[in-house]
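Data file: coords-v9.txt. Format and content: compact mmCIF, C-alpha atoms and all ligand atoms.
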```
# COMPACT_ATOMS: atom_id res chain seq x y z
CA MET A 1 -28.93 24.63 31.16
CA ALA A 2 -28.88 24.75 27.38
CA HIS A 3 -29.96 22.65 24.42
CA ASP A 4 -27.76 22.50 21.33
CA LEU A 5 -28.86 20.56 18.25
CA HIS A 6 -25.83 21.08 15.99
CA ALA A 7 -22.27 19.98 16.80
CA HIS A 8 -19.41 18.13 15.10
CA THR A 9 -16.82 15.60 16.30
CA ASN A 10 -13.62 14.29 14.76
CA ARG A 11 -15.67 11.61 13.02
CA SER A 12 -16.16 14.34 10.40
CA ASP A 13 -14.43 17.74 10.46
CA GLY A 14 -14.56 18.59 14.16
CA SER A 15 -11.57 18.26 16.46
CA HIS A 16 -12.99 16.56 19.57
CA ASP A 17 -13.48 12.87 20.16
CA PRO A 18 -17.21 12.25 20.63
CA ALA A 19 -16.83 11.57 24.37
CA ASP A 20 -14.63 14.62 24.74
CA LEU A 21 -17.17 16.84 22.99
CA VAL A 22 -19.97 15.65 25.28
CA GLN A 23 -17.86 16.37 28.37
CA TYR A 24 -16.90 19.79 27.06
CA ALA A 25 -20.53 20.64 26.26
CA GLY A 26 -21.58 19.45 29.72
CA HIS A 27 -18.93 21.65 31.26
CA LEU A 28 -20.50 24.62 29.43
CA GLY A 29 -23.93 23.79 30.81
CA VAL A 30 -25.42 21.89 27.86
CA ASP A 31 -27.79 19.14 28.95
CA VAL A 32 -29.16 18.12 25.53
CA LEU A 33 -26.68 17.80 22.66
CA ALA A 34 -27.21 16.50 19.12
CA ILE A 35 -24.19 14.99 17.35
CA THR A 36 -24.51 16.06 13.70
CA ASP A 37 -21.40 15.01 11.80
CA HIS A 38 -21.17 15.38 8.03
CA ASP A 39 -22.45 12.27 6.26
CA THR A 40 -21.73 9.90 9.16
CA MET A 41 -23.23 8.77 12.45
CA ALA A 42 -20.00 7.07 13.53
CA GLY A 43 -19.60 9.31 16.58
CA VAL A 44 -23.10 8.83 17.98
CA ALA A 45 -22.64 5.62 20.00
CA GLU A 46 -19.51 6.85 21.80
CA ALA A 47 -21.14 10.21 22.50
CA ALA A 48 -24.26 8.50 23.84
CA ASP A 49 -22.16 6.42 26.27
CA ALA A 50 -20.40 9.54 27.49
CA GLY A 51 -23.76 11.28 27.76
CA ARG A 52 -25.20 8.53 29.95
CA ALA A 53 -22.18 8.79 32.27
CA ALA A 54 -22.43 12.58 32.47
CA GLY A 55 -26.23 12.89 32.66
CA ILE A 56 -26.45 14.58 29.26
CA ARG A 57 -29.03 13.58 26.69
CA VAL A 58 -27.29 12.87 23.37
CA VAL A 59 -29.53 13.06 20.31
CA PRO A 60 -28.45 10.91 17.32
CA GLY A 61 -28.08 13.15 14.29
CA VAL A 62 -26.38 13.68 10.95
CA GLU A 63 -25.71 16.56 8.54
CA LEU A 64 -26.13 15.63 4.88
CA SER A 65 -24.75 17.51 1.88
CA ILE A 66 -27.45 18.19 -0.68
CA LYS A 67 -26.88 19.05 -4.33
CA VAL A 68 -28.19 22.52 -5.21
CA PRO A 69 -27.37 24.70 -8.23
CA HIS A 70 -26.38 27.76 -6.13
CA GLY A 71 -24.77 28.15 -2.73
CA SER A 72 -24.57 25.11 -0.52
CA MET A 73 -27.28 23.18 1.27
CA HIS A 74 -26.93 21.04 4.37
CA LEU A 75 -29.79 18.99 5.73
CA LEU A 76 -29.83 17.90 9.37
CA GLY A 77 -31.54 14.70 10.46
CA TYR A 78 -32.49 13.85 14.06
CA PHE A 79 -33.37 10.34 15.16
CA ALA A 80 -34.79 8.52 18.14
CA GLU A 81 -32.29 5.68 17.71
CA PRO A 82 -28.57 5.55 16.86
CA SER A 83 -28.65 3.36 13.71
CA PRO A 84 -31.53 4.41 11.49
CA ASP A 85 -32.17 2.47 8.29
CA PRO A 86 -32.05 2.96 5.33
CA LEU A 87 -29.95 6.03 6.12
CA LEU A 88 -26.87 4.16 7.33
CA GLY A 89 -26.60 2.15 4.10
CA MET A 90 -26.81 5.33 2.04
CA LEU A 91 -24.12 6.99 4.18
CA ALA A 92 -21.64 4.23 3.34
CA GLY A 93 -22.11 5.10 -0.34
CA LEU A 94 -21.71 8.83 0.32
CA ARG A 95 -18.48 8.16 2.20
CA ALA A 96 -17.07 6.36 -0.82
CA THR A 97 -18.00 9.37 -2.96
CA ARG A 98 -16.23 11.72 -0.55
CA ILE A 99 -13.06 9.61 -0.74
CA LEU A 100 -13.12 9.85 -4.54
CA ARG A 101 -13.58 13.63 -4.30
CA ALA A 102 -10.64 14.01 -1.90
CA ARG A 103 -8.53 11.80 -4.15
CA GLU A 104 -9.32 14.01 -7.14
CA MET A 105 -8.41 17.17 -5.20
CA VAL A 106 -5.08 15.62 -4.18
CA ASP A 107 -4.43 14.62 -7.80
CA ARG A 108 -5.10 18.22 -8.89
CA LEU A 109 -2.74 19.58 -6.23
CA ASN A 110 -0.04 17.14 -7.29
CA GLY A 111 -0.64 18.24 -10.90
CA LEU A 112 0.03 21.82 -9.76
CA GLY A 113 3.33 20.73 -8.21
CA VAL A 114 1.85 21.13 -4.70
CA THR A 115 2.51 17.59 -3.61
CA ILE A 116 0.89 15.97 -0.62
CA ASP A 117 0.96 12.32 0.25
CA TRP A 118 -2.37 10.49 -0.03
CA ASN A 119 -1.44 7.91 2.60
CA ASP A 120 -0.46 10.61 5.06
CA LEU A 121 -3.81 12.31 4.46
CA VAL A 122 -5.77 9.10 5.06
CA ASP A 123 -3.71 8.17 8.14
CA GLU A 124 -4.16 11.57 9.76
CA ALA A 125 -7.91 11.55 9.14
CA SER A 126 -7.93 8.24 11.10
CA GLY A 127 -11.27 7.01 9.84
CA ALA A 128 -13.06 10.37 9.81
CA VAL A 129 -15.15 11.33 6.78
CA LEU A 130 -12.56 12.97 4.49
CA GLY A 131 -13.14 16.61 3.71
CA ARG A 132 -11.32 19.73 2.60
CA PRO A 133 -10.18 20.56 6.17
CA HIS A 134 -8.14 17.33 6.16
CA ILE A 135 -6.50 18.33 2.86
CA ALA A 136 -5.81 21.80 4.28
CA GLU A 137 -4.07 20.22 7.28
CA ALA A 138 -2.00 18.02 4.94
CA LEU A 139 -0.95 21.15 3.00
CA ILE A 140 0.17 22.75 6.28
CA ARG A 141 2.10 19.61 7.32
CA ALA A 142 3.81 19.52 3.91
CA GLY A 143 4.86 23.16 4.33
CA HIS A 144 2.91 24.48 1.32
CA VAL A 145 0.80 26.90 3.39
CA ASP A 146 0.84 28.27 6.92
CA THR A 147 -2.85 28.26 7.74
CA ARG A 148 -6.07 26.50 6.90
CA LYS A 149 -7.40 29.78 5.49
CA GLU A 150 -4.44 30.11 3.16
CA ALA A 151 -5.03 26.54 1.95
CA PHE A 152 -8.64 27.37 1.09
CA ASP A 153 -7.83 30.78 -0.43
CA LEU A 154 -5.07 29.42 -2.65
CA TYR A 155 -6.34 25.95 -3.58
CA LEU A 156 -9.45 24.51 -2.00
CA ALA A 157 -12.23 27.11 -2.03
CA GLU A 158 -14.86 27.06 -4.77
CA GLY A 159 -13.29 28.51 -7.92
CA ARG A 160 -9.71 27.72 -6.80
CA PRO A 161 -7.62 25.26 -8.86
CA ALA A 162 -7.89 22.16 -6.65
CA TYR A 163 -11.62 22.57 -5.90
CA VAL A 164 -13.87 19.68 -6.85
CA ARG A 165 -17.61 20.05 -6.46
CA SER A 166 -19.14 17.79 -3.84
CA GLU A 167 -21.70 15.30 -5.08
CA GLY A 168 -24.56 15.29 -2.63
CA LEU A 169 -28.04 13.88 -2.60
CA ASP A 170 -30.82 15.48 -4.61
CA VAL A 171 -33.07 17.80 -2.60
CA GLU A 172 -36.22 15.66 -2.45
CA ASP A 173 -34.20 12.43 -2.06
CA GLY A 174 -32.33 13.82 0.94
CA VAL A 175 -35.47 14.89 2.77
CA ALA A 176 -37.19 11.59 1.96
CA LEU A 177 -34.17 9.54 3.09
CA VAL A 178 -34.22 11.13 6.55
CA ALA A 179 -38.01 10.84 6.83
CA GLU A 180 -38.07 7.20 5.67
CA SER A 181 -35.41 6.42 8.26
CA GLY A 182 -37.72 7.68 11.00
CA GLY A 183 -35.92 10.99 11.39
CA ALA A 184 -36.78 14.68 11.45
CA PRO A 185 -35.33 16.55 8.43
CA VAL A 186 -34.26 20.11 9.29
CA LEU A 187 -32.75 22.73 6.97
CA ALA A 188 -29.35 23.85 8.34
CA HIS A 189 -28.03 27.44 8.10
CA PRO A 190 -30.46 28.73 5.42
CA SER A 191 -28.13 31.66 4.66
CA THR A 192 -25.60 29.41 2.84
CA LEU A 193 -28.20 28.64 0.15
CA GLY A 194 -27.26 32.02 -1.28
CA LEU A 195 -30.89 32.88 -2.10
CA ASP A 196 -32.48 36.27 -1.53
CA ALA A 197 -35.76 36.43 0.38
CA ALA A 198 -37.85 36.29 -2.80
CA HIS A 199 -36.22 33.00 -3.86
CA LEU A 200 -35.68 31.48 -0.43
CA SER A 201 -39.37 31.35 0.48
CA PRO A 202 -40.51 29.21 -2.50
CA PHE A 203 -37.48 26.96 -2.03
CA VAL A 204 -38.34 26.36 1.63
CA GLY A 205 -41.92 25.73 0.49
CA ARG A 206 -40.64 23.05 -1.86
CA LEU A 207 -38.69 21.44 1.01
CA ALA A 208 -41.77 21.56 3.24
CA ARG A 209 -43.82 19.75 0.58
CA ALA A 210 -41.04 17.13 0.40
CA GLY A 211 -41.39 16.50 4.15
CA LEU A 212 -39.12 19.04 5.87
CA ILE A 213 -40.05 19.41 9.56
CA GLY A 214 -37.73 22.12 10.85
CA ILE A 215 -35.44 24.99 9.90
CA GLU A 216 -32.48 26.48 11.77
CA VAL A 217 -33.62 29.80 13.18
CA HIS A 218 -31.64 29.83 16.45
CA ARG A 219 -27.99 30.20 15.44
CA PRO A 220 -25.53 32.40 17.36
CA GLU A 221 -24.35 34.28 14.24
CA HIS A 222 -27.86 35.22 13.10
CA THR A 223 -28.62 38.92 13.11
CA PRO A 224 -31.99 40.02 14.55
CA ASP A 225 -33.18 40.42 10.93
CA GLN A 226 -32.14 36.87 10.03
CA PHE A 227 -33.76 35.51 13.20
CA ALA A 228 -37.00 37.30 12.32
CA GLY A 229 -36.88 36.33 8.62
CA TYR A 230 -36.23 32.62 9.17
CA GLY A 231 -38.75 32.58 12.01
CA ALA A 232 -41.36 34.00 9.63
CA LEU A 233 -40.53 31.29 7.08
CA ALA A 234 -40.98 28.65 9.78
CA ARG A 235 -44.46 30.03 10.55
CA THR A 236 -45.41 30.28 6.88
CA TYR A 237 -44.61 26.65 6.17
CA GLY A 238 -45.46 25.10 9.55
CA LEU A 239 -41.83 24.26 10.36
CA ILE A 240 -40.36 23.93 13.84
CA PRO A 241 -37.67 26.57 14.53
CA SER A 242 -34.52 24.66 15.46
CA GLY A 243 -30.84 25.48 15.79
CA GLY A 244 -27.50 25.04 17.49
CA SER A 245 -23.94 26.26 17.75
CA ASP A 246 -22.44 24.31 14.79
CA TYR A 247 -19.38 23.93 17.02
CA HIS A 248 -16.36 22.25 15.40
CA ARG A 249 -13.19 23.05 17.37
CA PRO A 250 -11.76 25.31 20.08
CA SER A 251 -11.06 28.05 17.49
CA SER A 252 -14.72 28.02 16.34
CA PRO A 253 -16.48 31.35 16.88
CA HIS A 254 -19.29 29.77 18.91
CA HIS A 255 -19.07 27.04 21.50
CA PRO A 256 -21.54 24.31 22.55
CA GLY A 257 -24.72 25.75 23.99
CA ALA A 258 -24.48 29.04 22.08
CA THR A 259 -27.70 29.18 20.08
CA GLY A 260 -28.26 32.92 19.83
CA ASP A 261 -30.69 35.30 21.47
CA PRO A 262 -33.32 34.10 22.22
CA PRO A 263 -31.79 30.63 22.76
CA LEU A 264 -33.19 27.40 21.37
CA PRO A 265 -36.37 26.45 23.27
CA ASP A 266 -36.03 23.34 25.43
CA ASP A 267 -38.92 21.44 23.86
CA THR A 268 -37.48 21.63 20.32
CA VAL A 269 -36.02 18.15 19.94
CA ASP A 270 -39.09 16.47 21.42
CA ARG A 271 -41.34 18.40 19.05
CA LEU A 272 -39.13 17.43 16.09
CA LEU A 273 -39.07 13.75 17.01
CA ALA A 274 -42.79 13.67 17.81
CA ARG A 275 -43.55 15.05 14.34
CA ALA A 276 -41.08 12.62 12.71
CA LEU A 277 -42.50 9.59 14.49
CA GLY A 278 -46.10 10.83 14.46
ZN ZN A 301 -23.42 22.76 7.62
ZN ZN A 302 -22.56 21.69 10.81
```

As structure tokens, what does this structure read like?
Amino acid sequence: MAHDLHAHTNRSDGSHDPADLVQYAGHLGVDVLAITDHDTMAGVAEAADAGRAAGIRVVPGVELSIKVPHGSMHLLGYFAEPSPDPLLGMLAGLRATRILRAREMVDRLNGLGVTIDWNDLVDEASGAVLGRPHIAEALIRAGHVDTRKEAFDLYLAEGRPAYVRSEGLDVEDGVALVAESGGAPVLAHPSTLGLDAAHLSPFVGRLARAGLIGIEVHRPEHTPDQFAGYGALARTYGLIPSGGSDYHRPSSPHHPGATGDPPLPDDTVDRLLARALG
């Protein structure tokens, strides 16, 4: 059996319904699965119901976007209960910000003569947290591009003409928000911070002082060097090595339960929650 503490549903930019994802993960031998959608916990309750039916432990989680000057930072939060306060109130505000960002990207596309229909975009997202993948799909439906990758390469990637920077939480605020909501804050995929080893270590130190509890070390795409480097950072700052597949959709490179070699230890989520609640 496998533990996987990072997975997305169609409540953000994944493709599976929450119940569907839990069943799929169970089918692959996962018995503990955290639901970590971007800026929402809307999929947690449905996933938890499916988990109870299938004998899979579903861990309530979220993945927050954090404002950093270079690269991109995502902060995971894990909770003992499905509706942690004050986090849920803050998420409603972040959702509104994401809608404004999507609207601005659509306006820019329309300004470039690449027209897509806002109502179509919103309808197709059917209540999910709007993100660039939804705009990419709308560009495909409108016949402007053939693939998601083409949509990003031509219009949506950082530096391309329809790109709008995402407004996230400040670093210390994000960590504090998770901690004050009774959760365990964990740094996701440290490689996307775009920092070399000399700059990454002090940054992780700053996060640890702000209340960070864990860092993703066990990810299937990590090289042995990355696994060793992030593991060393965890030891230096007293962080719990965590991780998961970051599964989004059937075309994702890694599927639920894939957490690299060696895999995520089975006691990870209990250690994280014990530290958060301790
Ligand atoms: Zn992420
Ligand atoms: Zn993710």

Surrounding residues as JSON, numbers by chain, ligand ZN 301 (chain A), max 12 Å, all atoms listed in the file: {"A": [6, 7, 8, 12, 13, 14, 36, 37, 38, 39, 62, 63, 64, 65, 66, 71, 72, 73, 74, 75, 76, 77, 186, 187, 188, 189, 190, 191, 192, 193, 216, 219, 243, 244, 245, 246, 247, 248]}

C-alpha atoms of the current selection, written as a compact mmCIF listing (two decimals), keeping the file's coordinate frame:
```
# COMPACT_ATOMS: atom_id res chain seq x y z
CA HIS A 6 -25.83 21.08 15.99
CA ALA A 7 -22.27 19.98 16.80
CA HIS A 8 -19.41 18.13 15.10
CA SER A 12 -16.16 14.34 10.40
CA ASP A 13 -14.43 17.74 10.46
CA GLY A 14 -14.56 18.59 14.16
CA THR A 36 -24.51 16.06 13.70
CA ASP A 37 -21.40 15.01 11.80
CA HIS A 38 -21.17 15.38 8.03
CA ASP A 39 -22.45 12.27 6.26
CA VAL A 62 -26.38 13.68 10.95
CA GLU A 63 -25.71 16.56 8.54
CA LEU A 64 -26.13 15.63 4.88
CA SER A 65 -24.75 17.51 1.88
CA ILE A 66 -27.45 18.19 -0.68
CA GLY A 71 -24.77 28.15 -2.73
CA SER A 72 -24.57 25.11 -0.52
CA MET A 73 -27.28 23.18 1.27
CA HIS A 74 -26.93 21.04 4.37
CA LEU A 75 -29.79 18.99 5.73
CA LEU A 76 -29.83 17.90 9.37
CA GLY A 77 -31.54 14.70 10.46
CA VAL A 186 -34.26 20.11 9.29
CA LEU A 187 -32.75 22.73 6.97
CA ALA A 188 -29.35 23.85 8.34
CA HIS A 189 -28.03 27.44 8.10
CA PRO A 190 -30.46 28.73 5.42
CA SER A 191 -28.13 31.66 4.66
CA THR A 192 -25.60 29.41 2.84
CA LEU A 193 -28.20 28.64 0.15
CA GLU A 216 -32.48 26.48 11.77
CA ARG A 219 -27.99 30.20 15.44
CA GLY A 243 -30.84 25.48 15.79
CA GLY A 244 -27.50 25.04 17.49
CA SER A 245 -23.94 26.26 17.75
CA ASP A 246 -22.44 24.31 14.79
CA TYR A 247 -19.38 23.93 17.02
CA HIS A 248 -16.36 22.25 15.40
```

For region 89-105 of chain A, please output as a list in words all residues within 6 Å (counting only C-alpha atoms; exclusion window: fewer than 2 positions along the same chain).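 Listing them by chain and then by number gives Asp39, Pro86, Leu87, Asp107, Arg108 and Ala162 of chain A.
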
Do you know which residues are at most 12 Å from Met1 (chain A) counting all atoms listed in the file, after dropping those on the same chain fewer than 3 positions away, and could you put them as a PyMOL selection string? chain A and resi 4+25-33+56-57+256-258+263-266

Would you work out the distance separating CA of Ser126 (chain A) from CA of Arg148 (chain A), expressed in Å to one decimal? 18.8 Å

Here is a test: counting only C-alpha atoms, which residue of A:Ala138, A:Val145, A:Leu233, A:Val175 is nearest to Pro202 (chain A)? A:Leu233

I'd like the interatomic distance between CA of Tyr78 (chain A) and CA of Ala42 (chain A), to a tenth of an Å. 14.2 Å

Hey, what's within 10 Å of Ala53 (chain A) if we count all atoms listed in the file and toss same-chain stuff fewer than 4 positions away? As an NGL selection string, please? :A and (19 or 23 or 47-49)

Would you mind telling me which residue in A:Thr268, A:Gly205, A:Phe152, A:Ser252 lies nearest to ligand ZN 302 (chain A) when using all atoms listed in the file?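 When distances to ligand ZN 302 (chain A) are compared using all atoms listed in the file, the smallest one comes from A:Ser252.
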
Quick one, how far is CA of Ala197 (chain A) from CA of Pro185 (chain A)? 21.5 Å

Proximity to Arg165 (chain A) - best of A:Ala125, A:Val68, A:Ala208, A:Ala80, all atoms listed in the file: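 Selected residue with least distance to Arg165 (chain A): A:Val68.
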
Best match for closeness to ligand ZN 302 (chain A) among A:Gly168, A:Pro241, A:Pro161, A:Gly61, counting all atoms listed in the file: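 Ranked by minimum distance to ligand ZN 302 (chain A), first place goes to A:Gly61.
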
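Distance annotation: of A:Leu21, A:Ile35, A:Ala45, A:Ala142, the residue with the minimal separation from ligand ZN 302 (chain A) is A:Ile35; atom set is only C-alpha atoms and all ligand atoms.
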